[in-house]
Amino acid sequence: MNSQSTKRSILSLSSDKIDIRYVAKLARIALTDDEVQRFGQQLGDLLEHVNVISKLDTDSIPATAQVVESRNVEREDEVRPCLDRKTVLSMAPQAQGSFFRVPRIIAEDG
Amino acid sequence: MSTVERSGVDVARAVNAREISAREVTDATLGQIDAVDERLGAYLTRLHDMARAAADRVDARIAGGEKLAMAGVPVAVKDNMCLAGTRTTCGSKILENWIAPYTGTAVQRILDAGGIPVGKSNMDEFAMGSSCENSALLQTRNPLDLSRVPGGSSGGSAAAVSAHLAAVGLGSDTGGSIREPGAFCGVVGFKPTYGRVSRYGLIAFASSLDQIGPLTRTVEDAALAYDVMAGYDPMDSTSIDRPLEPTFSALRDDLRGKRIGIVKEFETGKLGAAIDAVYKQAYRDLEKLGAELIEVSLPTADYGLATYYLIAPAECSSNLARFDGVRYGLRVEGNDVGEMYEATRAAGFGPEVKRRILIGTYALSSGYYDAYYVKAQKVRTLIGDDFKKAFATCDLIACPAASSPAFVSGAKSDPYSMYLMDYYTIPMSLAGLPALSVPCGSVSVEGKSVPMGLQLCAPIFAERELLSAAHAYEKATMHYKNNKLDVSLHRAPTGNLV
Amino acid sequence: MSNIESAHAVGGPQPSAGGRGAEGAAPSKWEAVIGIECHVELKTNSKMFCGCANEFGGEPNTKVCPVCLALPGALPVANRVAIEHMIAAGLAFDAQIPEFSKFDRKNYFYPDMPKDYQISQFDMPLTQGGVVRYWLEDGTMKECRLTRIHLEEDTGKSTHSGSGDGRIAGSSHSLIDFNRAGVPLMECVSEPEIHNADEAVGYLEALKRTFVQLGVSDVKMEEGSLRCDANVSIRPVGAKELGTKAEIKNMNSFRSVHRAIESEIARQIEIVESGGRVVQETRGWDEVTGTTHTMRSKEQAHDYRYFPDPDLVPVEVDRATVERIRKDMPELPPARFARYHCEFKLSVAQATQLVENAPLAEYFDACVNASKNAQQSVNFVLGDLSRLANESDTPVYESPVKPQHVAELITLVESNTINSKIAKELVGRMWKGEGAPKSIVEKEGLAQTSDPGAIDGFIDGVLAANEKSVADYKGGKTNVMGFLVGQVMKASRGKANPALVQERMKEKLT
Ligand SMILES: [Zn+2]
C-alpha cells in the first residue's frame with residue numbers, strides 16, 4: 001500500500017543490526033559513544049520483542065490509521081486572530097529585531 | 001470530613017448552594033499542597049495566584065446567580081496541557097521554562113465550568129513511562145507509600161488526587177497513563193473513547209492514541225469532569241462530532257442484566273496468588289451486583305505491546321521533532337543549525353524519550369516502513385476486531401488495570417520490564433475504547449497495603465455504560481475508603497527527598 | 001549547418017545547443033528531456049491548517065498562531081476552500097480526482113519549517129494525472145502530461161546574514177519570519193515531456209494563466225507565490241532511455257527559467273561531447289553569472305519517513321462536489337487560445353492578449369456572438385476600445401459600450417452604411433454613453449452617401465477652392481490627391497463614400 005519502502009519481511013529484519021548512528025542523525029539527536037552502545041543494545045532487544053507480530057498473517061487486513069473513522073473534517077476559510085509578536089518572540093531562544101535567529105544554515109541542511 | 005477530602009461533586013454542590021465559597025475550598029487545597037507536596041512531589045508548578053483569582057471569579061459568578069458544574073472544584077492539570085500563562089514543561093528539560101501562551105480546549109472547559117487550577121502536575125517526560133520516574137524535573141512519590149512510585153505517566157495527577165491536593169486530576173492516557181497511576185494510587189482513572197475529549201492544547205506523544213481523561217477519588221467525580229470536558233472541538237480534527245450523552249445523571253447502583261466479559265487470555269493466576277485473589281474477588285463482586293460473567297477471548301491482545309511499541313514511537317518521533325531550539329524551549333548553541341539541533345535535543349530529552357524517538361524513527365525509515373509501521377497498523381486492526389467480537393457477547397470487559405501494584409522506586413531499571421506494566425491497558429488504547437480503573441482492594445507488601453485497580457472497558461462511545469457499572473461496583477465495595485496516606489507525608493520535612 | 005559544424009563542438013567558445021538559435025536552426029543530435037515541479041501558493045483568506053491570514057508581506061512574525069508556529073499541543077484543521085481549489089486545478093487539466101485522499105507527514109528538519117515535518121500528500125494526492133495544453137510564440141499547440149498535483153503547506157522565510165550578498169553560503173546566521181509558514185501550497189509535478197526552454201516557459205505560462213483564471217492563485221513569482229524546479233537531462237535524439245538528470249533550483253522568473261534551462265542543456269552537452277559524464281545533483285541558477293552551479297554535490301537519498309498524519313482525517317471527495325466545481329469552471333486559457341487562434345484565425349499576439357484577460361475575452365466572445373465577425377470584433381476590442389480603456393482607466397467590459405453596440409457597429413461598417421472614420425467617431429461617442437450606434441447614425445444622418453450627384457457637388461466645391469493643388473496634380477504631383485479627397489470627406493462631414501470620392505475625383509482631374 002505504500003511504495004516508499006521496499007518490501008522486507010520482519011524475519012529478515014530481526015537479523016539486521018539497527019544502524020543507530022544513522023537513525024540518530026535522522027532524528028537529530030547527538031549521541032555519545034556510550035549511548036550508541038547502550039541504545040543500540042536496548043533497541044535491538046526491543047525489536048526482538050516486537051518482531052512477534054511478524055507471526056500474524058495480515059496480508060488481507062487493512063491498516064488502522066485512526067480508530068474512529070471520520071472524514072472531511074474541514075474548517076471554513078476564515079481569518080482568526082493571531083498571537084501578538086511580543087509573545088511570540090518572547091519564547092524565542094534567540095530573536096533579533098522582529099525575527100527568530102538561528103545559527104548559520106549549511107546549505108540544504110534538510 | 002475536611003474540606004480537602006470532599007469529593008468534587010460535593011464541593012460543586014456546596015459552592016453552588018453558597019454553603020462554602022470557592023475561595024475557601026481553594027485556600028484549603030493550596031494549604032494542603034504547601035503542607036505536603038515537598039515530600040510528595042505531585043506538582044511541578046503551584047498556581048496559588050491563578051487559583052485564587054479563578055476562585056474569586058467563580059464566587060462572583062455564583063453570587064450573580066450562575067450554576068457551574070464544577071464550581072470551586074480544585075483541579076490538578078497534568079503538565080502536558082497548555083494553560084495560558086503557566087509553565088508547561090511536559091516533565092522535560094527541553095520545555096523547562098516554557099510558558100504556554102494559550103489554553104487547551106479540555107482545560108478551558110474545566111475553567112469555564114468553575115474548576116480551579118491549583119497546580120501543574122508532574123509526569124513522565126512527554127508522557128513516556130509508567131512510574132513518573134522519567135520526569136526530568138521532579139520525583140513524585142506514591143502518597144500511600146512514599147517508597148513506591150505513583151505510576152505514570154499521569155503520576156502527579158494521581159498522587160495529587162489521592163493525597164487530597166485536588167479533587168480532580170487531569171491526565172492523558174496513551175497506553176495506560178491514566179489507568180495505571182489510578183490503580184497505583186488507589187483512585188479512579190478514566191480514559192474516554194479516543195476523540196471524545198479534544199486534544200487541542202495537549203502536548204502530543206502519540207496522536208492516534210493520546211486521550212485526556214480524569215483521575216478522581218470517586219466514579220461520580222470522573223463522570224462530572226468527563227461531562228464537562230467531552231464533546232466536539234473544531235480545533236481538533238480527530239475529535240468526534242457526535243451527540244454526547246451525559247454520564248453523571250445516568251449512574252446506577254446495580255449491574256442487573258449486564259454481561260461482563262472476563263478475558264480468557266488475561267488469566268490472573270500468573271500474577272501471583274495474592275493478586276489473583278483480589279481480582280477473583282472483584283469478579284465475584286460484579287456478579288453479586290447482578291452481572292452475568294462470561295468468558296471472552298482476545299486472541300491478539302498479546303500482540304498489543306509489540307504493536308504499541310511501533311506505532312506510539314513512530315508518531316512520537318515525528319511529534320517531537322518540533323523541539324528543535326528554534327522557536328521556543330531549550331537551545332544548546334552549535335556552530336551551525338544542524339549542530340544546534342543535535343546538541344539541543346541531546347541535552348533536552350531524557351533517555352526514555354530518546355529511545356522512543358530512535359525506535360520510531362527507525363520504524364518509519366526507508367526500507368522498514370512496511371515491515372514495522374504498516375504491519376503494526378494492520379495488527380491494530382486485528383486487535384480492534386477482537387474487541388468487536390468480544391463485545392458481541394458482552395457489554396463490558398473486566399480485567400486488571402496493571403501488571404502489578406505500585407512498585408518501589410528504582411525497581412524497574414530495564415525499559416522493557418517497565419513497558420510490561422501496560423500489558424493490560426494497551427490493547428484498549430489501540431482499539432480506542434473507553435476504559436477505566438477503579439480501586440478493587442489491595443495486597444499486603446512488607447506490612448503495607450498497596451492498592452490494586454480493576455479495569456473495566458466498554459465498546460466505543462459507551463462511556464455511560466462504563467461509568468455506570470464502575471459506580472455500581474464502587475458503591476458496593478468502597479475500596480477507596482481504605483486508602484491510608486503514608487504517615488510520613490504529614491511529618492515535618494526532614495530534608496529534601498527529591 | 002551540419003551537426004559537425006554546430007557551435008557545440010568541443011572547446012567552442014559559446015556552446016549554443018539548447019540556446020534559442022540552436023533550437024530552431026541547428027537540429028542537434030541531442031534531445032533535452034525536462035520535467036518541471038512547480039510550487040504554487042493557493043489564494044485563500046486563511047492559511048492551510050489555521051486561521052492566520054494568508055497575505056503576502058506584512059510585519060515579520062505577526063501572522064502566526066499556535067498552529068502555524070508549531071507550539072506544543074496545537075493541531076491542524078484543513079481549509080475547505082484550499083481543497084476545493086485543488087479540485088478545480090485538477091479538473092482544469094483533466095486530472096483524475098480520486099474519491100479518497102489523505103495527508104501525510106514528510107519528516108525532515110529545517111529551521112523555517114516549524115513542525116520539522118511538512119504536512120503534504122505522499123501516495124494519495126487530491127489529483128492524479130492530467131495534461132497541460134500550452135502554446136509557443138509561433139502558435140504551435142503542445143501538451144505535457146501531469147503526474148499529479150498535491151496539496152501541502154509552505155514554510156517560513158529565512159534571510160541569510162553575514163555573507164554580504166544574502167546567500168546561504170558563507171552566512172553567519174539566519175533570521176526567520178514565519179508569516180508564510182502554513183500557507184496552502186500546491187505542488188504540480190509534470191512528466192518529463194518538455195524538450196526545450198521555450199516549451200518550459202510555454203508550459204509555465206499555461207499553468208499560470210489557468211490558475212489565475214480559476215482564481216486559485218495569484219501566481220506572482222516576484223512574491224514567491226510560484227516557485228519552480230526543473231529536472232534536466234539530455235539523450236541522443238531517438239534514444240529511449242533517459243540521461244542522468246540535474247535538478248535546477250533558484251529560478252525566480254520565467255525569464256530565468258528560460259535562461260537556466262538553456263544554460264544547463266548547453267553545459268550537459270558540452271560535458272558529454274567532451275567525453276564526460278553528467279552527475280546527478282542539485283544545481284542552483286545564478287542570475288548574475290547566467291550559469292548553474294553545484295548546490296548539493298552528492299545526491300544523498302532523503303529519508304523523509306512519510307506516514308499518514310494522525311492529526312488529520314482523510315478527505316473523501318464526493319462526485320457531486322466534483323461536478324459542481326466542474327460546472328462552474330470557465331473556459332480555460334489553452335482551449336480559449338486554440339479557439340481564437342485556430343478557429344477565429346486571430347494572431348498569436350491577439351489571442352494571447354485576450355486569453356490573459358478573461359473578462360475582456362468574455363466581452364470579445366459576446367461581440368463575436370452578436371456580430372458573427374471575429375476579425376472585426378478583435379479589431380474594435382483590442383483597437384479603439386482598448387485605447388479608450390487605457391485612456392480612461394475603465395475596462396472595456398465595464399464601459400457603456402455593450403457587445404451589442406459593437407456588433408451593430410460592425411454591421412454598419414460591413415454594409416458600407418458608414419465608413420471607418422465615422423465608425424471611429426462612433427466608438428468614442430458610444431464610450432461617452434451616447435447609446436447604440438445605429439440610433440446615433442440615424443439621428444444625425446451620418447450614413448455614408450454614395451449618391452454621385454451629391455459627391456460631385458462636394459468635389460466641385462473642393463476643386464474650386466483649391467486651384468493650386470489642382471495645378472500641382474496636373475503638373476505631376478499626384479500625391480496631392482490624398483489631400484483633396486480629405487477635403488471632400490471633410491466637406492461631407494465624413495459621410496461621403498471614400499472609394500467613390502477617389503474614383504470621381506480622378507475622373508474630374510484627368
Ligand atoms: Zn496560524
# chains A, B, ... in the order shown; residues from 1 in each chain; ligands from 1
$ residues_near_ligand --ligand "ligand 1" --cutoff "10 Å" --atoms "only C-alpha atoms and all ligand atoms" --output "PyMOL selection string"
(chain A and resi 79-83) or (chain C and resi 46-54+62-70+74+76+178-183)
$ closest_atom_pairs --of "chain B" --to "chain A" --cutoff "6 Å" --atoms "only C-alpha atoms" --output "CSV"
residue,atom,partner,partner_atom,distance
B:Ser237,CA,A:Val73,CA,5.8
B:Ala306,CA,A:Val50,CA,4.2
B:Arg327,CA,A:Ala92,CA,4.8
B:Tyr328,CA,A:Ala92,CA,4.8
B:Asp336,CA,A:Arg104,CA,4.8
B:Val337,CA,A:Pro103,CA,5.2
B:Glu342,CA,A:Ile29,CA,4.4
B:Ala343,CA,A:Ala30,CA,5.9
B:Arg345,CA,A:Ile29,CA,5.4
B:Ala346,CA,A:Ile29,CA,5.2
B:Tyr362,CA,A:Val23,CA,6.0
B:Ser366,CA,A:Ser5,CA,5.2
B:Gly367,CA,A:Ser5,CA,4.4
B:Ala371,CA,A:Ile10,CA,5.6
B:Gln377,CA,A:Ala63,CA,4.7
B:Lys378,CA,A:Ala63,CA,4.1
B:Thr381,CA,A:Thr64,CA,5.4
B:Gly432,CA,A:Val67,CA,5.7
$ residues_around --residues "Val353 (chain B)" --least-positions-apart "5" --cutoff "8 Å" --atoms "only C-alpha atoms" --output "NGL selection string"
:B and (125-126 or 128)
$ write_last_selection --atoms "all heavy atoms" --output "compact mmCIF listing (two decimals), in the first residue's frame"
# COMPACT_ATOMS: atom_id res chain seq x y z
N GLU B 125 8.42 12.21 31.41
CA GLU B 125 8.76 13.14 30.34
C GLU B 125 7.98 12.79 29.07
O GLU B 125 8.02 11.66 28.58
CB GLU B 125 10.27 13.09 30.06
CG GLU B 125 10.71 14.11 29.02
CD GLU B 125 12.22 14.12 28.79
OE1 GLU B 125 12.93 13.29 29.39
OE2 GLU B 125 12.67 14.96 27.99
N PHE B 126 7.27 13.77 28.53
CA PHE B 126 6.45 13.60 27.34
C PHE B 126 5.49 12.42 27.46
O PHE B 126 5.13 11.80 26.47
CB PHE B 126 7.31 13.50 26.07
CG PHE B 126 7.83 14.86 25.65
CD1 PHE B 126 9.14 15.23 25.95
CD2 PHE B 126 7.02 15.77 25.01
CE1 PHE B 126 9.61 16.50 25.60
CE2 PHE B 126 7.49 17.03 24.66
CZ PHE B 126 8.79 17.40 24.96
N MET B 128 5.96 9.54 28.57
CA MET B 128 6.54 8.24 28.23
C MET B 128 7.08 7.57 29.49
O MET B 128 8.19 7.85 29.94
CB MET B 128 7.66 8.42 27.21
CG MET B 128 7.14 9.00 25.91
SD MET B 128 8.51 9.43 24.83
CE MET B 128 7.65 10.50 23.68
$ closest_atom_pairs --of "chain C" --to "chain A" --cutoff "7 Å" --atoms "only C-alpha atoms" --output "tab-separated table"
residue	atom	partner	partner_atom	distance
C:Thr44	CA	A:Asp77	CA	6.9
C:Asn45	CA	A:Asp77	CA	5.9
C:Ser46	CA	A:Val79	CA	5.1
C:Gly51	CA	A:Arg80	CA	4.5
C:Cys52	CA	A:Val79	CA	5.6
C:Ala53	CA	A:Val79	CA	5.5
C:Pro60	CA	A:Ser98	CA	5.9
C:Asn61	CA	A:Arg85	CA	6.1
C:Thr62	CA	A:Arg85	CA	5.5
C:Lys63	CA	A:Cys82	CA	5.8
C:Val64	CA	A:Cys82	CA	5.4
C:Cys65	CA	A:Cys82	CA	5.0
C:Val77	CA	A:Glu74	CA	6.0
C:Ala78	CA	A:Glu74	CA	4.9
C:Asn79	CA	A:Arg75	CA	5.1
C:Arg80	CA	A:Glu74	CA	5.3
C:Val81	CA	A:Asp77	CA	6.0
C:Tyr108	CA	A:Gly110	CA	5.8
C:Phe109	CA	A:Gly110	CA	5.3
C:Tyr110	CA	A:Gly110	CA	5.3
C:Asp123	CA	A:Asn2	CA	6.9
C:Ile168	CA	A:Ala107	CA	6.3
C:Ala169	CA	A:Ala107	CA	6.6
C:Ser171	CA	A:Arg104	CA	5.9
C:Ser172	CA	A:Arg104	CA	4.9
C:His173	CA	A:Arg104	CA	3.9
C:Ser174	CA	A:Val102	CA	5.4
C:Leu175	CA	A:Arg101	CA	4.6
C:Ile176	CA	A:Phe100	CA	5.0
C:Asp177	CA	A:Phe99	CA	5.7
C:Pro310	CA	A:Ala65	CA	6.8
C:Val313	CA	A:Arg71	CA	5.6
C:Pro314	CA	A:Arg71	CA	5.3
C:Val315	CA	A:Asn72	CA	4.8
C:Glu316	CA	A:Asn72	CA	6.2
$ select_by_dssp --residues "region 259-342 of chain C" --states "helix (DSSP H, G or I)" --output "number ranges by chain"
C: 259-273, 319-327, 333-342
$ interface_residues --of "chain C" --to "chain B" --cutoff "7 Å" --atoms "only C-alpha atoms" --output "MDAnalysis selection string"
chainID C and resid 70 72:75 77 107 111 114:116 303 305 310:313
$ atom_distance --atom1 "CA of Ile212 (chain B)" --atom2 "CA of Leu170 (chain B)"
7.1 Å
$ residues_around --residues "Asp384 (chain C)" --least-positions-apart "4" --cutoff "8 Å" --atoms "only C-alpha atoms" --output "list of chain:residue names"
C:Asn379, C:Phe380, C:Leu388, C:Lys424, C:Val427
$ residues_around --residues "Ala447 (chain C)" --least-positions-apart "3" --cutoff "9 Å" --atoms "only C-alpha atoms" --output "list in words"
Leu412, Asn416, Thr417, Ile418, Asn419, Ile422, Val441, Glu442, Glu444, Lys495 and Ala496 of chain C
$ residues_around --residues "Gly8 (chain B)" --least-positions-apart "6" --cutoff "6 Å" --atoms "only C-alpha atoms" --output "PDB file with C-alpha atoms, in the first residue's frame"
ATOM      1  CA  VAL B  73     -13.540  22.076  42.339  1.00  0.00           C
ATOM      2  CA  ALA B 167     -10.427  16.611  43.737  1.00  0.00           C
ATOM      3  CA  ASP B 221     -16.286  12.844  40.102  1.00  0.00           C
TER       4      ASP B 221
END
$ select_by_dssp --residues "chain A" --states "strand (DSSP E or B)" --output "list in words"
Glu74, Arg75, Ala95, Gln96, Phe99, Phe100, Arg101, Val102 and Pro103 of chain A
$ atom_distance --atom1 "CA of Thr218 (chain B)" --atom2 "CA of Val188 (chain B)"
6.2 Å
$ decode --residues "region 15-93 of chain A" --atoms "C-alpha atoms" --output "mmCIF file, in the first residue's frame"
data_model
loop_
_atom_site.group_PDB
_atom_site.id
_atom_site.type_symbol
_atom_site.label_atom_id
_atom_site.label_comp_id
_atom_site.auth_asym_id
_atom_site.auth_seq_id
_atom_site.Cartn_x
_atom_site.Cartn_y
_atom_site.Cartn_z
ATOM 1 C CA SER A 15 18.936 -10.298 11.961
ATOM 2 C CA ASP A 16 19.666 -6.749 10.804
ATOM 3 C CA LYS A 17 21.558 -4.611 13.193
ATOM 4 C CA ILE A 18 19.934 -1.292 13.785
ATOM 5 C CA ASP A 19 22.172 1.464 12.461
ATOM 6 C CA ILE A 20 21.775 3.649 15.499
ATOM 7 C CA ARG A 21 24.045 6.423 14.254
ATOM 8 C CA TYR A 22 22.069 6.791 11.025
ATOM 9 C CA VAL A 23 18.790 6.817 12.912
ATOM 10 C CA ALA A 24 20.105 9.376 15.411
ATOM 11 C CA LYS A 25 21.203 11.566 12.522
ATOM 12 C CA LEU A 26 17.698 11.445 11.033
ATOM 13 C CA ALA A 27 16.253 12.226 14.454
ATOM 14 C CA ARG A 28 18.797 14.994 15.023
ATOM 15 C CA ILE A 29 19.968 13.766 18.389
ATOM 16 C CA ALA A 30 23.696 13.769 19.178
ATOM 17 C CA LEU A 31 24.633 10.516 20.891
ATOM 18 C CA THR A 32 27.721 9.758 22.907
ATOM 19 C CA ASP A 33 29.597 6.548 22.117
ATOM 20 C CA ASP A 34 28.242 5.190 25.332
ATOM 21 C CA GLU A 35 24.679 5.982 24.282
ATOM 22 C CA VAL A 36 25.238 4.443 20.870
ATOM 23 C CA GLN A 37 26.283 1.287 22.632
ATOM 24 C CA ARG A 38 23.510 1.282 25.214
ATOM 25 C CA PHE A 39 20.644 2.388 22.986
ATOM 26 C CA GLY A 40 21.810 0.018 20.272
ATOM 27 C CA GLN A 41 21.541 -2.849 22.703
ATOM 28 C CA GLN A 42 18.203 -1.763 24.167
ATOM 29 C CA LEU A 43 16.592 -1.077 20.813
ATOM 30 C CA GLY A 44 17.894 -4.366 19.476
ATOM 31 C CA ASP A 45 16.249 -6.119 22.408
ATOM 32 C CA LEU A 46 13.004 -4.249 21.909
ATOM 33 C CA LEU A 47 12.971 -5.070 18.208
ATOM 34 C CA GLU A 48 13.256 -8.730 19.092
ATOM 35 C CA HIS A 49 10.199 -8.379 21.288
ATOM 36 C CA VAL A 50 8.176 -6.503 18.703
ATOM 37 C CA ASN A 51 9.078 -8.979 15.999
ATOM 38 C CA VAL A 52 6.414 -11.310 17.411
ATOM 39 C CA ILE A 53 3.906 -9.518 15.221
ATOM 40 C CA SER A 54 5.586 -10.979 12.159
ATOM 41 C CA LYS A 55 3.898 -14.244 13.104
ATOM 42 C CA LEU A 56 0.480 -12.851 12.321
ATOM 43 C CA ASP A 57 -0.851 -13.181 8.810
ATOM 44 C CA THR A 58 -2.072 -9.720 7.919
ATOM 45 C CA ASP A 59 -1.955 -9.872 4.124
ATOM 46 C CA SER A 60 -5.667 -9.253 3.726
ATOM 47 C CA ILE A 61 -6.015 -6.972 6.732
ATOM 48 C CA PRO A 62 -6.441 -3.223 6.217
ATOM 49 C CA ALA A 63 -4.234 -0.895 8.248
ATOM 50 C CA THR A 64 -5.809 1.179 11.008
ATOM 51 C CA ALA A 65 -4.563 4.750 10.997
ATOM 52 C CA GLN A 66 -7.408 6.050 13.098
ATOM 53 C CA VAL A 67 -9.707 4.070 15.343
ATOM 54 C CA VAL A 68 -12.784 6.177 14.846
ATOM 55 C CA GLU A 69 -13.457 6.534 11.138
ATOM 56 C CA SER A 70 -14.093 10.096 10.252
ATOM 57 C CA ARG A 71 -13.839 12.029 7.012
ATOM 58 C CA ASN A 72 -13.659 15.549 5.662
ATOM 59 C CA VAL A 73 -13.163 17.487 8.850
ATOM 60 C CA GLU A 74 -12.581 20.917 7.387
ATOM 61 C CA ARG A 75 -12.736 24.484 8.544
ATOM 62 C CA GLU A 76 -14.307 27.399 6.741
ATOM 63 C CA ASP A 77 -11.745 29.694 5.152
ATOM 64 C CA GLU A 78 -11.979 32.377 7.804
ATOM 65 C CA VAL A 79 -9.284 34.525 9.325
ATOM 66 C CA ARG A 80 -8.875 34.281 13.084
ATOM 67 C CA PRO A 81 -6.744 36.345 15.443
ATOM 68 C CA CYS A 82 -3.022 35.690 15.588
ATOM 69 C CA LEU A 83 -0.668 35.753 18.550
ATOM 70 C CA ASP A 84 0.967 39.089 19.162
ATOM 71 C CA ARG A 85 4.578 39.305 18.158
ATOM 72 C CA LYS A 86 5.844 40.239 21.579
ATOM 73 C CA THR A 87 4.505 36.988 22.996
ATOM 74 C CA VAL A 88 5.791 35.037 20.035
ATOM 75 C CA LEU A 89 9.317 36.394 20.213
ATOM 76 C CA SER A 90 9.445 36.242 23.994
ATOM 77 C CA MET A 91 9.513 32.470 23.597
ATOM 78 C CA ALA A 92 12.422 32.522 21.175
ATOM 79 C CA PRO A 93 15.741 31.179 22.432
#
